[in-house]
$ cat query14.pdb   # PDB, C-alpha atoms
ATOM      1  CA  MET A   1     -14.215 -16.102  13.502
ATOM      2  CA  MET A   2     -16.331 -15.576  10.376
ATOM      3  CA  ARG A   3     -15.161 -17.527   7.369
ATOM      4  CA  ALA A   4     -13.887 -15.614   4.325
ATOM      5  CA  GLU A   5     -16.769 -16.762   2.155
ATOM      6  CA  ASP A   6     -19.368 -15.829   4.790
ATOM      7  CA  LEU A   7     -18.020 -12.312   5.183
ATOM      8  CA  VAL A   8     -17.745 -11.735   1.445
ATOM      9  CA  ASN A   9     -21.296 -12.989   0.915
ATOM     10  CA  SER A  10     -22.588 -10.488   3.499
ATOM     11  CA  GLU A  11     -21.390  -7.475   1.429
ATOM     12  CA  GLU A  12     -24.781  -6.477   0.029
ATOM     13  CA  GLU A  13     -26.382  -6.221   3.473
ATOM     14  CA  TYR A  14     -23.399  -4.254   4.801
ATOM     15  CA  THR A  15     -23.295  -1.795   1.873
ATOM     16  CA  ASN A  16     -26.930  -0.858   2.442
ATOM     17  CA  THR A  17     -26.472   0.198   6.067
ATOM     18  CA  PRO A  18     -27.445   3.859   6.763
ATOM     19  CA  TYR A  19     -24.037   4.680   8.273
ATOM     20  CA  LEU A  20     -22.164   3.982   5.046
ATOM     21  CA  SER A  21     -24.595   5.736   2.738
ATOM     22  CA  GLN A  22     -24.661   8.904   4.854
ATOM     23  CA  ASN A  23     -21.149   9.290   6.192
ATOM     24  CA  MET A  24     -18.570   7.571   4.032
ATOM     25  CA  SER A  25     -16.531   9.715   1.675
ATOM     26  CA  GLU A  26     -14.985   7.338  -0.821
ATOM     27  CA  ASN A  27     -12.681   7.722  -3.772
ATOM     28  CA  THR A  28     -13.044   5.510  -6.815
ATOM     29  CA  ILE A  29     -11.597   2.049  -7.116
ATOM     30  CA  VAL A  30      -9.110   1.963  -9.946
ATOM     31  CA  ASP A  31      -8.174  -1.253 -11.657
ATOM     32  CA  ALA A  32      -5.933  -2.062 -14.589
ATOM     33  CA  ASN A  33      -6.234  -5.152 -16.708
ATOM     34  CA  LYS A  34      -3.291  -7.117 -18.061
ATOM     35  CA  GLN A  35      -0.189  -5.134 -18.972
ATOM     36  CA  ILE A  36       1.126  -6.554 -22.255
ATOM     37  CA  ASN A  37       4.309  -5.759 -24.130
ATOM     38  CA  GLY A  38       4.771  -5.677 -27.897
ATOM     39  CA  ASN A  39       5.250  -9.435 -28.047
ATOM     40  CA  GLY A  40       1.917 -10.125 -26.392
ATOM     41  CA  LYS A  41       3.462 -11.452 -23.155
ATOM     42  CA  VAL A  42       2.128 -10.334 -19.805
ATOM     43  CA  VAL A  43       5.147  -8.805 -18.092
ATOM     44  CA  ILE A  44       4.036  -7.156 -14.859
ATOM     45  CA  CYS A  45       0.733  -8.115 -13.255
ATOM     46  CA  ASP A  46      -2.655  -9.391 -14.279
ATOM     47  CA  SER A  47      -4.525  -6.569 -12.584
ATOM     48  CA  HIS A  48      -4.568  -4.292  -9.600
ATOM     49  CA  GLY A  49      -7.301  -2.759  -7.513
ATOM     50  CA  SER A  50      -7.109   0.204  -5.171
ATOM     51  CA  ILE A  51      -9.515   1.925  -2.825
ATOM     52  CA  SER A  52      -9.156   4.805  -0.364
ATOM     53  CA  VAL A  53     -11.905   5.893   2.041
ATOM     54  CA  LYS A  54     -12.316   8.418   4.829
ATOM     55  CA  GLY A  55     -14.110   5.850   6.938
ATOM     56  CA  ARG A  56     -15.085   7.062  10.402
ATOM     57  CA  ARG A  57     -12.517   9.868  10.522
ATOM     58  CA  LYS A  58     -13.666  13.479  10.170
ATOM     59  CA  ARG A  59     -11.237  14.141   7.346
ATOM     60  CA  MET A  60      -9.292  12.258   4.725
ATOM     61  CA  GLU A  61      -5.517  12.254   5.207
ATOM     62  CA  ASP A  62      -4.517   9.163   3.173
ATOM     63  CA  ALA A  63      -3.353   9.223  -0.435
ATOM     64  CA  LEU A  64      -2.553   6.618  -3.098
ATOM     65  CA  THR A  65      -0.386   6.407  -6.196
ATOM     66  CA  VAL A  66      -0.685   3.859  -9.000
ATOM     67  CA  ASN A  67       1.659   4.514 -11.910
ATOM     68  CA  LEU A  68       1.898   1.681 -14.430
ATOM     69  CA  GLY A  69       5.034   1.656 -16.558
ATOM     70  CA  PHE A  70       6.487   4.545 -14.560
ATOM     71  CA  LEU A  71      10.026   3.375 -15.354
ATOM     72  CA  MET A  72      11.783   1.750 -18.303
ATOM     73  CA  TRP A  73      15.313   0.515 -17.588
ATOM     74  CA  GLU A  74      17.415  -1.708 -19.869
ATOM     75  CA  SER A  75      14.262  -2.543 -21.859
ATOM     76  CA  LYS A  76      12.456  -3.615 -18.697
ATOM     77  CA  LYS A  77       9.227  -2.059 -17.507
ATOM     78  CA  TYR A  78       8.333  -1.343 -13.886
ATOM     79  CA  ASP A  79       5.074  -0.382 -12.184
ATOM     80  CA  TYR A  80       4.808   1.751  -9.050
ATOM     81  CA  PHE A  81       2.276   1.539  -6.236
ATOM     82  CA  GLY A  82       2.232   3.723  -3.112
ATOM     83  CA  VAL A  83       0.100   4.141   0.022
ATOM     84  CA  TYR A  84       0.595   7.248   2.176
ATOM     85  CA  ASP A  85      -1.008   7.755   5.588
ATOM     86  CA  GLY A  86      -0.929  11.382   6.672
ATOM     87  CA  HIS A  87      -1.263  12.776  10.189
ATOM     88  CA  GLY A  88      -1.812  16.332  11.317
ATOM     89  CA  GLY A  89      -3.099  17.094   7.829
ATOM     90  CA  SER A  90      -3.123  15.675   4.308
ATOM     91  CA  GLN A  91      -0.456  17.887   2.729
ATOM     92  CA  VAL A  92       2.561  15.609   3.191
ATOM     93  CA  ALA A  93       0.676  12.479   2.110
ATOM     94  CA  GLN A  94      -0.479  14.284  -1.026
ATOM     95  CA  ALA A  95       3.035  15.562  -1.716
ATOM     96  CA  CYS A  96       4.333  11.981  -1.494
ATOM     97  CA  SER A  97       1.580  10.810  -3.829
ATOM     98  CA  ASP A  98       2.513  13.473  -6.363
ATOM     99  CA  HIS A  99       6.301  13.301  -6.201
ATOM    100  CA  LEU A 100       7.857  10.241  -4.523
ATOM    101  CA  HIS A 101       7.715   8.024  -7.620
ATOM    102  CA  LYS A 102       9.345  10.799  -9.636
ATOM    103  CA  LEU A 103      12.227  10.905  -7.156
ATOM    104  CA  VAL A 104      12.625   7.140  -7.572
ATOM    105  CA  ILE A 105      13.028   7.648 -11.323
ATOM    106  CA  LYS A 106      15.675  10.330 -10.755
ATOM    107  CA  GLU A 107      17.658   8.093  -8.406
ATOM    108  CA  VAL A 108      17.586   5.185 -10.865
ATOM    109  CA  GLU A 109      18.802   7.471 -13.641
ATOM    110  CA  LYS A 110      21.795   8.489 -11.523
ATOM    111  CA  GLN A 111      23.090   4.917 -11.460
ATOM    112  CA  ALA A 112      25.965   4.003 -13.706
ATOM    113  CA  ARG A 113      25.247   0.287 -13.653
ATOM    114  CA  VAL A 114      22.939  -2.097 -15.462
ATOM    115  CA  MET A 115      21.665  -3.703 -12.260
ATOM    116  CA  ILE A 116      19.684  -1.301 -10.107
ATOM    117  CA  ASP A 117      20.705  -1.008  -6.463
ATOM    118  CA  TRP A 118      17.097  -0.889  -5.302
ATOM    119  CA  GLU A 119      17.830  -0.492  -1.606
ATOM    120  CA  LYS A 120      19.963   2.585  -2.233
ATOM    121  CA  VAL A 121      17.429   4.004  -4.695
ATOM    122  CA  MET A 122      14.468   3.669  -2.357
ATOM    123  CA  VAL A 123      16.224   4.823   0.820
ATOM    124  CA  THR A 124      17.598   7.888  -0.958
ATOM    125  CA  SER A 125      14.247   8.689  -2.585
ATOM    126  CA  PHE A 126      12.427   8.672   0.763
ATOM    127  CA  LEU A 127      15.074  10.924   2.310
ATOM    128  CA  ARG A 128      14.874  13.306  -0.653
ATOM    129  CA  MET A 129      11.096  13.407  -0.262
ATOM    130  CA  ASP A 130      11.538  14.320   3.398
ATOM    131  CA  GLU A 131      13.997  17.078   2.493
ATOM    132  CA  GLN A 132      11.608  18.416  -0.153
ATOM    133  CA  VAL A 133       8.687  18.563   2.266
ATOM    134  CA  ILE A 134      10.758  20.472   4.812
ATOM    135  CA  ALA A 135      12.226  22.806   2.167
ATOM    136  CA  GLU A 136       8.747  23.674   0.951
ATOM    137  CA  ARG A 137       7.923  24.723   4.535
ATOM    138  CA  ILE A 138       4.944  22.453   4.966
ATOM    139  CA  ASP A 139       3.837  22.799   8.600
ATOM    140  CA  GLY A 140       6.504  21.101  10.724
ATOM    141  CA  SER A 141       3.902  19.181  12.743
ATOM    142  CA  ILE A 142       2.453  17.450   9.665
ATOM    143  CA  GLY A 143       3.812  14.172   8.359
ATOM    144  CA  SER A 144       2.988  10.938   6.571
ATOM    145  CA  THR A 145       3.991   7.320   6.729
ATOM    146  CA  ALA A 146       4.617   5.683   3.371
ATOM    147  CA  ILE A 147       4.924   2.310   1.725
ATOM    148  CA  ALA A 148       5.894   1.974  -1.916
ATOM    149  CA  ALA A 149       6.213  -1.052  -4.179
ATOM    150  CA  VAL A 150       8.050  -1.265  -7.483
ATOM    151  CA  VAL A 151       7.018  -4.346  -9.460
ATOM    152  CA  GLY A 152       8.896  -5.578 -12.503
ATOM    153  CA  GLU A 153       8.864  -8.755 -14.539
ATOM    154  CA  GLU A 154      11.636 -10.302 -12.450
ATOM    155  CA  VAL A 155      11.710  -8.339  -9.204
ATOM    156  CA  MET A 156       9.505  -6.710  -6.591
ATOM    157  CA  VAL A 157      10.743  -4.005  -4.244
ATOM    158  CA  VAL A 158       8.909  -2.719  -1.177
ATOM    159  CA  ALA A 159      10.104   0.284   0.839
ATOM    160  CA  ASN A 160       8.393   1.176   4.117
ATOM    161  CA  CYS A 161       8.647   4.165   6.427
ATOM    162  CA  GLY A 162       6.158   3.993   9.284
ATOM    163  CA  ASP A 163       3.201   1.733   9.968
ATOM    164  CA  CYS A 164       1.691   1.172   6.558
ATOM    165  CA  ARG A 165       2.315  -2.449   5.636
ATOM    166  CA  GLY A 166       2.960  -4.752   2.689
ATOM    167  CA  VAL A 167       2.414  -8.514   2.542
ATOM    168  CA  LEU A 168       2.948 -11.075  -0.204
ATOM    169  CA  SER A 169       1.015 -14.278  -0.758
ATOM    170  CA  ARG A 170       3.302 -16.905  -2.277
ATOM    171  CA  SER A 171       1.963 -20.416  -2.813
ATOM    172  CA  SER A 172      -0.692 -19.717  -0.156
ATOM    173  CA  ASN A 173       2.003 -18.708   2.350
ATOM    174  CA  VAL A 174       2.039 -15.228   3.897
ATOM    175  CA  VAL A 175       5.353 -13.409   3.437
ATOM    176  CA  PRO A 176       5.724 -10.042   5.269
ATOM    177  CA  LEU A 177       7.308  -7.400   3.034
ATOM    178  CA  SER A 178       7.643  -4.789   5.789
ATOM    179  CA  SER A 179       7.842  -4.440   9.542
ATOM    180  CA  ASP A 180       5.862  -1.663  11.251
ATOM    181  CA  HIS A 181       7.954   1.156  12.694
ATOM    182  CA  LYS A 182       6.377   1.417  16.132
ATOM    183  CA  PRO A 183       8.026   3.342  19.004
ATOM    184  CA  ASP A 184       8.073   0.258  21.225
ATOM    185  CA  ARG A 185       9.786  -1.964  18.632
ATOM    186  CA  SER A 186      13.015  -2.823  20.446
ATOM    187  CA  ASP A 187      15.448  -1.471  17.850
ATOM    188  CA  GLU A 188      13.346   1.644  17.272
ATOM    189  CA  LEU A 189      13.057   2.328  21.005
ATOM    190  CA  LYS A 190      16.816   2.048  21.392
ATOM    191  CA  ARG A 191      17.435   4.372  18.438
ATOM    192  CA  ILE A 192      15.019   6.986  19.796
ATOM    193  CA  GLU A 193      16.537   6.921  23.287
ATOM    194  CA  VAL A 194      20.115   7.066  21.973
ATOM    195  CA  SER A 195      19.163  10.189  19.994
ATOM    196  CA  GLY A 196      17.826  11.826  23.168
ATOM    197  CA  GLY A 197      14.123  11.164  22.712
ATOM    198  CA  VAL A 198      11.591   9.355  24.868
ATOM    199  CA  VAL A 199       8.666   7.034  24.237
ATOM    200  CA  VAL A 200       5.650   7.856  26.401
ATOM    201  CA  ASN A 201       2.572   5.705  26.930
ATOM    202  CA  TRP A 202      -0.113   8.254  26.113
ATOM    203  CA  ASN A 203      -3.090   6.398  24.641
ATOM    204  CA  GLY A 204      -0.516   3.992  23.219
ATOM    205  CA  LYS A 205       3.263   4.274  22.907
ATOM    206  CA  ARG A 206       4.216   7.580  21.280
ATOM    207  CA  VAL A 207       7.464   9.365  20.414
ATOM    208  CA  GLN A 208       7.749  12.350  22.783
ATOM    209  CA  GLY A 209       4.194  11.481  23.792
ATOM    210  CA  VAL A 210       3.001  12.708  20.381
ATOM    211  CA  LEU A 211       3.424  10.327  17.428
ATOM    212  CA  ALA A 212       2.462   6.647  17.359
ATOM    213  CA  THR A 213       4.961   5.805  14.625
ATOM    214  CA  SER A 214       8.733   6.086  14.854
ATOM    215  CA  ARG A 215       9.431   6.810  11.177
ATOM    216  CA  SER A 216       7.689   9.139   8.771
ATOM    217  CA  ILE A 217       8.188  11.741   6.080
ATOM    218  CA  GLY A 218       7.823  15.276   7.456
ATOM    219  CA  ASP A 219       7.255  15.806  11.207
ATOM    220  CA  GLU A 220      10.156  18.233  11.411
ATOM    221  CA  HIS A 221       9.327  19.067  15.060
ATOM    222  CA  LEU A 222      10.098  15.463  16.088
ATOM    223  CA  LYS A 223      13.492  15.105  14.427
ATOM    224  CA  PRO A 224      15.921  13.472  15.044
ATOM    225  CA  TYR A 225      13.781  10.993  16.974
ATOM    226  CA  VAL A 226      11.419  10.332  14.060
ATOM    227  CA  ILE A 227      13.341   9.613  10.856
ATOM    228  CA  ALA A 228      12.459   9.206   7.181
ATOM    229  CA  GLU A 229      14.815   6.321   6.421
ATOM    230  CA  ALA A 230      12.904   3.507   4.706
ATOM    231  CA  GLU A 231      13.497  -0.191   5.240
ATOM    232  CA  VAL A 232      13.622  -2.008   1.908
ATOM    233  CA  THR A 233      12.750  -5.556   0.906
ATOM    234  CA  VAL A 234      13.839  -6.865  -2.500
ATOM    235  CA  LYS A 235      12.533 -10.191  -3.771
ATOM    236  CA  THR A 236      12.939 -12.080  -7.011
ATOM    237  CA  ARG A 237       9.586 -12.857  -8.574
ATOM    238  CA  SER A 238       8.447 -16.465  -8.684
ATOM    239  CA  ASP A 239       5.731 -18.342 -10.537
ATOM    240  CA  LEU A 240       4.407 -19.143  -7.053
ATOM    241  CA  ASP A 241       3.665 -15.471  -6.322
ATOM    242  CA  GLU A 242      -0.057 -14.725  -6.074
ATOM    243  CA  PHE A 243      -0.589 -11.137  -4.948
ATOM    244  CA  ILE A 244       0.681  -8.226  -2.844
ATOM    245  CA  ILE A 245      -1.429  -6.212  -0.420
ATOM    246  CA  LEU A 246      -0.311  -2.667   0.459
ATOM    247  CA  ALA A 247      -2.428  -0.804   3.007
ATOM    248  CA  SER A 248      -2.512   1.896   5.656
ATOM    249  CA  ASP A 249      -2.986   0.966   9.295
ATOM    250  CA  GLY A 250      -6.712   1.576   8.995
ATOM    251  CA  LEU A 251      -6.784  -1.965   7.634
ATOM    252  CA  TRP A 252      -4.030  -3.542   9.748
ATOM    253  CA  ASP A 253      -5.439  -2.232  13.023
ATOM    254  CA  VAL A 254      -8.345  -4.663  12.664
ATOM    255  CA  ILE A 255      -7.090  -7.528  10.492
ATOM    256  CA  SER A 256      -3.955  -9.678  10.529
ATOM    257  CA  ASN A 257      -1.662 -10.421   7.614
ATOM    258  CA  GLU A 258      -2.950 -13.987   7.510
ATOM    259  CA  GLU A 259      -6.622 -12.992   7.526
ATOM    260  CA  ALA A 260      -6.134 -10.344   4.842
ATOM    261  CA  CYS A 261      -4.370 -12.805   2.557
ATOM    262  CA  LYS A 262      -7.042 -15.436   3.189
ATOM    263  CA  PHE A 263      -9.804 -13.025   2.176
ATOM    264  CA  VAL A 264      -7.991 -11.794  -0.932
ATOM    265  CA  ARG A 265      -7.092 -15.332  -1.984
ATOM    266  CA  PHE A 266     -10.746 -16.318  -1.681
ATOM    267  CA  CYS A 267     -11.881 -13.301  -3.720
ATOM    268  CA  LEU A 268      -9.375 -13.897  -6.507
ATOM    269  CA  LYS A 269     -10.237 -17.580  -6.693
ATOM    270  CA  ARG A 270     -13.964 -16.916  -6.801
ATOM    271  CA  GLN A 271     -13.615 -14.195  -9.391
ATOM    272  CA  SER A 272     -11.440 -16.437 -11.567
ATOM    273  CA  GLN A 273     -14.189 -19.004 -11.562
ATOM    274  CA  GLU A 274     -17.097 -16.636 -12.140
ATOM    275  CA  GLU A 275     -16.082 -13.477 -13.918
ATOM    276  CA  SER A 276     -15.409 -12.246 -17.391
ATOM    277  CA  VAL A 277     -13.185  -9.239 -16.667
ATOM    278  CA  LYS A 278     -14.559  -6.000 -18.045
ATOM    279  CA  LYS A 279     -12.012  -3.714 -19.662
ATOM    280  CA  SER A 280     -13.265  -0.474 -18.112
ATOM    281  CA  SER A 281     -10.304   1.115 -16.307
ATOM    282  CA  VAL A 282     -12.207   3.106 -13.681
ATOM    283  CA  ILE A 283     -15.107   1.832 -11.588
ATOM    284  CA  SER A 284     -16.926   3.127  -8.549
ATOM    285  CA  ASP A 285     -17.767   1.068  -5.505
ATOM    286  CA  ASP A 286     -21.481   1.469  -6.178
ATOM    287  CA  GLU A 287     -21.532   0.423  -9.832
ATOM    288  CA  ASN A 288     -23.223  -2.904 -10.479
ATOM    289  CA  GLU A 289     -20.817  -4.088 -13.118
ATOM    290  CA  THR A 290     -18.173  -6.752 -13.414
ATOM    291  CA  LYS A 291     -14.894  -5.603 -11.894
ATOM    292  CA  SER A 292     -11.361  -6.913 -12.110
ATOM    293  CA  ARG A 293     -10.778  -9.498  -9.424
ATOM    294  CA  ALA A 294      -8.110  -7.376  -7.704
ATOM    295  CA  ALA A 295     -10.529  -4.432  -7.500
ATOM    296  CA  VAL A 296     -13.194  -6.671  -5.980
ATOM    297  CA  ALA A 297     -10.655  -7.936  -3.439
ATOM    298  CA  ALA A 298      -9.644  -4.388  -2.455
ATOM    299  CA  ARG A 299     -13.276  -3.396  -2.046
ATOM    300  CA  ASN A 300     -14.026  -6.460   0.082
ATOM    301  CA  LEU A 301     -11.037  -5.817   2.361
ATOM    302  CA  LYS A 302     -12.228  -2.260   2.938
ATOM    303  CA  ARG A 303     -15.679  -3.517   3.875
ATOM    304  CA  ILE A 304     -14.220  -6.060   6.277
ATOM    305  CA  ALA A 305     -12.187  -3.326   7.999
ATOM    306  CA  MET A 306     -15.265  -1.118   8.320
ATOM    307  CA  LYS A 307     -17.361  -4.002   9.604
ATOM    308  CA  ARG A 308     -14.736  -4.719  12.247
ATOM    309  CA  GLY A 309     -14.857  -1.133  13.482
ATOM    310  CA  SER A 310     -11.768   0.522  11.980
ATOM    311  CA  GLN A 311     -11.622   4.116  13.220
ATOM    312  CA  ASP A 312      -9.068   5.358  10.690
ATOM    313  CA  ASN A 313      -8.851   6.233   7.016
ATOM    314  CA  ILE A 314      -8.469   3.029   4.997
ATOM    315  CA  SER A 315      -6.340   2.788   1.855
ATOM    316  CA  ILE A 316      -5.628  -0.494   0.111
ATOM    317  CA  ILE A 317      -3.911  -1.664  -3.065
ATOM    318  CA  VAL A 318      -4.136  -5.284  -4.217
ATOM    319  CA  ILE A 319      -1.634  -6.280  -6.917
ATOM    320  CA  ASP A 320      -2.351  -9.516  -8.761
ATOM    321  CA  LEU A 321       0.991 -11.192  -9.557
ATOM    322  CA  LYS A 322      -0.226 -14.309 -11.314
ATOM    323  CA  LYS A 323       1.644 -14.836 -14.567
ATOM    324  CA  HIS A 324      -0.300 -15.786 -17.660
ATOM    325  CA  PRO A 325       0.695 -17.356 -20.987
ATOM    326  CA  LYS A 326       1.345 -15.332 -24.099
ATOM    327  CA  ASN A 327      -1.592 -13.679 -25.794
ATOM    328  CA  SER A 328      -3.858 -14.227 -22.794
ATOM    329  CA  ALA A 329      -6.720 -11.753 -22.775
TER
END
$ encode --input "query14.pdb" --output "structure tokens"
Amino acid sequence: MMRAEDLVNSEEEYTNTPYLSQNMSENTIVDANKQINGNGKVVICDSHGSISVKGRRKRMEDALTVNLGFLMWESKKYDYFGVYDGHGGSQVAQACSDHLHKLVIKEVEKQARVMIDWEKVMVTSFLRMDEQVIAERIDGSIGSTAIAAVVGEEVMVVANCGDCRGVLSRSSNVVPLSSDHKPDRSDELKRIEVSGGVVVNWNGKRVQGVLATSRSIGDEHLKPYVIAEAEVTVKTRSDLDEFIILASDGLWDVISNEEACKFVRFCLKRQSQEESVKKSSVISDDENETKSRAAVAARNLKRIAMKRGSQDNISIIVIDLKKHPKNSA
């Protein structure tokens, strides 16, 4: 297997291939530098980088959300990151990108307690999003998987519905933050069959022979077999935390959790040694300028997935969790 440093160093040759220049439709990479409160202390993350590309698909059905400081609760600030992988069309993924984080805010505001019950908030928000999509009469055969992360100074919350995935690197160890909802996962298979559905092997295991994921938002024609209930992971932040990767299955189809973390860790380390982070907040993949290290890592992961033959849309968010001393710049 190619080493992380070898693959990263081959980027220039790969970027100049005719296939990419002629056929790739790519959104911008967005990165945010340190988020600092009034006291000059970094409270959330050093930076983030996100990228979303059509890849080898005929159309783009993925969507992303990055909303820094989307919530203030008991004087604490939280950032929101979401990856949405649509199927049958882009409408549900885009609706999630536009509205799911707003539903999270509404659910938090309903709580009559100081401590947020994050599992309840996220599960309810995903179900409300599903109800909203159906109420707005978006085509019943269109849906989207979704993974969302809420990152605060002391906590990180990841909610997953479908086969997008989140992983955490903590002290160089890979910590899964979600488990893919596949129709042949034993508990999912049992749930589908108990509800009267079937899983058919039709170019892979599919619910009713149609959908390759067992949970999603939308897909009204496959209910109650396909549900919108998210599984939620809540973790207390540690000084050992390095970064989170959120991505659609266009990445995970061709790279393991361990490999992805290895590549990102290498990128962040190399950038820390070499770069002086530029404060521009929006950069394109083709600009020859210094980028935040998380943005470089997201870009490199996308290129690895393309090089390995990913056939799907690819959407990736890298969240740098390293804590820095006061007044760091």
$ residues_around --input "query14.pdb" --residues "Ala148 in chain A" --least-positions-apart "6" --cutoff "8 Å" --atoms "only C-alpha atoms" --output "PyMOL selection string"
chain A and resi 80-83+158-160
$ residues_around --input "query14.pdb" --residues "Val108 in chain A" --least-positions-apart "2" --cutoff "9 Å" --atoms "all atoms listed in the file" --output "PyMOL selection string"
chain A and resi 71+73+103-106+110-112+116-118+121
$ closest_residue --input "query14.pdb" --among "A:Glu107, A:Glu259, A:Asp187, A:Glu154" --to "Val174 in chain A" --atoms "only C-alpha atoms"
A:Glu259
$ atom_distance --input "query14.pdb" --atom1 "CA of Ile134 in chain A" --atom2 "CA of Asp219 in chain A"
8.7 Å
$ resolve_selection --input "query14.pdb" --expression "the PyMOL selection byres ((chain A and resi 179) around 9)" --output "ChimeraX atom specification"
/A:160,162-166,176-178,180-182,231
$ closest_atom_pairs --input "query14.pdb" --of "range 91-209 of chain A" --to "range 75-78 of chain A" --cutoff "7 Å" --atoms "only C-alpha atoms" --output "JSON lines"
{"residue": "A:Val150", "atom": "CA", "partner": "A:Tyr78", "partner_atom": "CA", "distance": 6.4}
{"residue": "A:Val151", "atom": "CA", "partner": "A:Tyr78", "partner_atom": "CA", "distance": 5.5}
{"residue": "A:Gly152", "atom": "CA", "partner": "A:Tyr78", "partner_atom": "CA", "distance": 4.5}
$ atom_distance --input "query14.pdb" --atom1 "CA of Leu246 in chain A" --atom2 "CA of Leu301 in chain A"
11.3 Å
$ resolve_selection --input "query14.pdb" --expression "the PyMOL selection byres ((chain A and resi 236) around 6)" --output "ChimeraX atom specification"
/A:154-155,235,237
$ closest_residue --input "query14.pdb" --among "A:Ala298, A:Cys96, A:Cys261, A:Val123" --to "Val232 in chain A" --atoms "only C-alpha atoms"
A:Val123
$ resolve_selection --input "query14.pdb" --expression "the PyMOL selection byres ((chain A and resi 317) around 10)" --output "ChimeraX atom specification"
/A:29-31,48-52,64-66,81-83,166,244-248,294-295,297-299,301,315-316,318-320
$ atom_distance --input "query14.pdb" --atom1 "CA of Asp241 in chain A" --atom2 "CA of Ser171 in chain A"
6.3 Å
$ closest_residue --input "query14.pdb" --among "A:Glu131, A:Glu136, A:Glu258, A:Asp253" --to "Ala228 in chain A" --atoms "only C-alpha atoms"
A:Glu131
